[in-house]
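Okay, structure first, notes after.
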Amino acid sequence: MNVPKHTSSALPVGERLGFVAFVAVSILFAIFFLMPIIWSFANSLKPAAEALANPAALFSKAFSFENYRRLENVGAGWYVYAGNSILIAFGTIVLTVLVSVPAGYGFAKFRFPGQSLIFVVVMATMMIPFQSILTPLFLILKILRLQNNLFGLVLIYVTFQLPFSIFMMRNAFDAVPRALIEAARIDGASQWTILRRIMLPIALPGVATVAMFAFLNSWNEFLAALIFLSDQNKFTLPIMLVNVSSGIYGIIDWGALQAGVTVTMVPCIILFLLLQRYYVRGLTAGAVK
């Protein structure tokens, strides 16, 4: 039996106009969001004098890597700050995933006294402004001798990342049918075996989402790194950008600043493109049962 093929010409005029309008709006939004990235990258490749004289111009008569070379002379050098940011982001990801995965699994698949109350308390911590508890956090880190320590900063980031991460993993595990767990128990699998070999592969999009949010928040965070770190060799990339933007006598070095912005945003873009498929699925996990 021959099945008629549907072509765009067979669509009603209203649907075709709607599709064209949708594509046009999507292109405009894409240009709107891509322009700052393109502008930063273009300015980072301008000669220093040209970037300072006309930073608003998108195109340049010549290209130069001078701005990236000047970043080596900012404080301890951009590679030191990048290394610190990588260590902090990696530590935040590992600790956040290690804690949020079993916690989310417990809230989703177990029933225990006070479960709802504990979960509400965990979620309520998301409403506490970070700035309001800076002094207690500083004193706690000082008592633990973790002030001016990268691991201490990792603990701060993990603390504020965990409520959202536990919420995400609870939704991800809650979407998995309970029949899979019961079948695994009949086969003699322990709870950790069920979590590692059955639940975790299914909830992988949620884990990827948690990991990406942990990376982005720790990679771009500025205030905690500024307050809890005092050694210049332990600063992160956002603090370096502030030092670059200050310049000499308050003059902003636009070329070096945009070179630093480019160095900072490239890992975020790469990570998002690699995990985009899992990220979208992870955000919608648990939305439909």
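Letters A, B, ... mark the chains of the structure tokens in the order given; residue numbers begin at 1 per chain; ligand numbers begin at 1, in order shown.
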> Could you pull out all residues of segment 1-169 of chain A with a DSSP call of helix (DSSP H, G or I) and give them as number ranges by chain?
Replying inline: A: 8-10, 13-44, 48-53, 66-73, 78-109, 115-127, 130-143, 150-169
Store the residues of this selection in a file with C-alpha atoms, as a tab-separated table (two decimals), in the first residue's frame.
chain	number	residue	atom	x	y	z
A	8	SER	CA	6.08	21.25	3.58
A	9	SER	CA	4.05	22.41	0.59
A	10	ALA	CA	1.13	20.25	1.78
A	13	VAL	CA	-0.52	28.36	5.04
A	14	GLY	CA	-1.00	29.16	8.72
A	15	GLU	CA	1.27	26.30	9.85
A	16	ARG	CA	3.95	27.25	7.34
A	17	LEU	CA	3.91	30.87	8.51
A	18	GLY	CA	4.08	29.70	12.11
A	19	PHE	CA	7.07	27.48	11.32
A	20	VAL	CA	8.89	30.32	9.54
A	21	ALA	CA	8.19	32.67	12.45
A	22	PHE	CA	9.47	30.05	14.91
A	23	VAL	CA	12.71	29.61	12.95
A	24	ALA	CA	13.21	33.37	12.62
A	25	VAL	CA	12.71	33.95	16.35
A	26	SER	CA	15.03	31.05	17.18
A	27	ILE	CA	17.75	32.52	14.96
A	28	LEU	CA	17.36	35.93	16.58
A	29	PHE	CA	17.65	34.43	20.07
A	30	ALA	CA	20.71	32.42	18.99
A	31	ILE	CA	22.40	35.58	17.66
A	32	PHE	CA	21.45	37.47	20.82
A	33	PHE	CA	23.11	34.86	23.06
A	34	LEU	CA	26.10	34.22	20.80
A	35	MET	CA	27.09	37.84	20.24
A	36	PRO	CA	28.72	38.39	23.68
A	37	ILE	CA	30.80	35.24	23.18
A	38	ILE	CA	31.84	36.28	19.69
A	39	TRP	CA	32.59	39.83	20.85
A	40	SER	CA	34.79	38.62	23.73
A	41	PHE	CA	36.72	36.24	21.49
A	42	ALA	CA	37.18	38.90	18.79
A	43	ASN	CA	38.48	41.48	21.29
A	44	SER	CA	40.87	38.94	22.79
A	48	ALA	CA	46.33	45.69	22.88
A	49	ALA	CA	46.26	49.30	21.63
A	50	GLU	CA	43.34	48.66	19.29
A	51	ALA	CA	41.34	46.79	21.94
A	52	LEU	CA	41.83	49.69	24.35
A	53	ALA	CA	41.05	52.39	21.77
A	66	GLU	CA	49.48	39.42	22.78
A	67	ASN	CA	46.53	39.61	25.18
A	68	TYR	CA	46.86	35.94	26.09
A	69	ARG	CA	50.60	36.34	26.67
A	70	ARG	CA	49.95	39.27	28.99
A	71	LEU	CA	47.75	37.08	31.17
A	72	GLU	CA	50.91	35.24	32.23
A	73	ASN	CA	52.06	38.42	33.98
A	78	TRP	CA	46.63	32.59	34.45
A	79	TYR	CA	47.70	28.92	34.35
A	80	VAL	CA	48.08	28.90	38.17
A	81	TYR	CA	44.59	30.33	38.62
A	82	ALA	CA	43.20	27.94	36.01
A	83	GLY	CA	44.78	25.01	37.84
A	84	ASN	CA	43.22	26.13	41.12
A	85	SER	CA	39.81	26.49	39.47
A	86	ILE	CA	40.10	23.02	37.94
A	87	LEU	CA	41.03	21.42	41.28
A	88	ILE	CA	38.17	23.17	43.07
A	89	ALA	CA	35.62	22.33	40.36
A	90	PHE	CA	36.73	18.69	40.17
A	91	GLY	CA	36.61	18.31	43.97
A	92	THR	CA	33.16	19.91	44.10
A	93	ILE	CA	31.84	17.57	41.41
A	94	VAL	CA	33.21	14.42	43.08
A	95	LEU	CA	31.95	15.22	46.59
A	96	THR	CA	28.58	16.48	45.37
A	97	VAL	CA	27.93	13.35	43.31
A	98	LEU	CA	29.16	11.00	46.06
A	99	VAL	CA	26.77	12.53	48.60
A	100	SER	CA	23.75	13.44	46.47
A	101	VAL	CA	23.40	10.09	44.64
A	102	PRO	CA	22.86	7.85	47.73
A	103	ALA	CA	20.89	10.65	49.45
A	104	GLY	CA	18.57	11.05	46.47
A	105	TYR	CA	18.19	7.28	46.21
A	106	GLY	CA	17.27	7.06	49.89
A	107	PHE	CA	14.65	9.80	49.66
A	108	ALA	CA	13.15	8.30	46.49
A	109	LYS	CA	12.99	4.58	47.30
A	115	GLN	CA	11.36	11.58	55.77
A	116	SER	CA	9.19	14.43	54.51
A	117	LEU	CA	10.34	16.77	57.28
A	118	ILE	CA	14.02	16.06	56.64
A	119	PHE	CA	13.57	16.61	52.91
A	120	VAL	CA	11.77	19.91	53.52
A	121	VAL	CA	14.58	21.05	55.83
A	122	VAL	CA	17.17	20.16	53.18
A	123	MET	CA	15.25	22.07	50.53
A	124	ALA	CA	14.74	25.03	52.89
A	125	THR	CA	18.50	25.57	53.05
A	126	MET	CA	18.32	26.68	49.41
A	127	MET	CA	16.51	29.83	50.58
A	130	PHE	CA	24.96	32.93	51.07
A	131	GLN	CA	26.00	36.44	52.08
A	132	SER	CA	24.10	36.20	55.38
A	133	ILE	CA	26.27	33.40	56.77
A	134	LEU	CA	29.69	34.48	55.55
A	135	THR	CA	30.94	35.27	59.06
A	136	PRO	CA	29.92	31.89	60.61
A	137	LEU	CA	31.42	30.05	57.65
A	138	PHE	CA	34.66	31.99	57.98
A	139	LEU	CA	34.87	31.17	61.70
A	140	ILE	CA	34.12	27.49	61.08
A	141	LEU	CA	36.84	27.22	58.46
A	142	LYS	CA	39.26	29.01	60.76
A	143	ILE	CA	38.53	26.57	63.61
A	150	LEU	CA	41.32	24.99	48.48
A	151	PHE	CA	39.70	22.00	50.17
A	152	GLY	CA	37.89	24.31	52.58
A	153	LEU	CA	36.49	26.23	49.62
A	154	VAL	CA	35.39	22.95	48.06
A	155	LEU	CA	33.46	22.09	51.23
A	156	ILE	CA	31.68	25.47	51.07
A	157	TYR	CA	30.67	24.92	47.47
A	158	VAL	CA	29.49	21.35	48.13
A	159	THR	CA	27.40	22.52	51.09
A	160	PHE	CA	25.46	24.99	48.96
A	161	GLN	CA	25.24	22.66	45.97
A	162	LEU	CA	23.88	19.63	47.83
A	163	PRO	CA	20.20	20.71	48.34
A	164	PHE	CA	19.61	21.19	44.62
A	165	SER	CA	21.63	18.06	43.77
A	166	ILE	CA	19.68	15.89	46.22
A	167	PHE	CA	16.44	17.25	44.78
A	168	MET	CA	17.58	16.40	41.24
A	169	MET	CA	18.70	12.88	42.14
>> Here is a test: counting only C-alpha atoms, which residue of A:Ala172, A:Met199, A:Leu241, A:Ala256 is nearest to Phe65 of chain A?
In response: A:Ala256
> Mind pulling up the distance from atom CA of Asn220 of chain A to atom CA of Phe235 of chain A?
Replying inline: 12.4 Å
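If you measure from each of A:Ala76, A:Ala225, A:Lys46, A:Ile198 to Ala62 of chain A using only C-alpha atoms, the closest one turns out to be A:Lys46.
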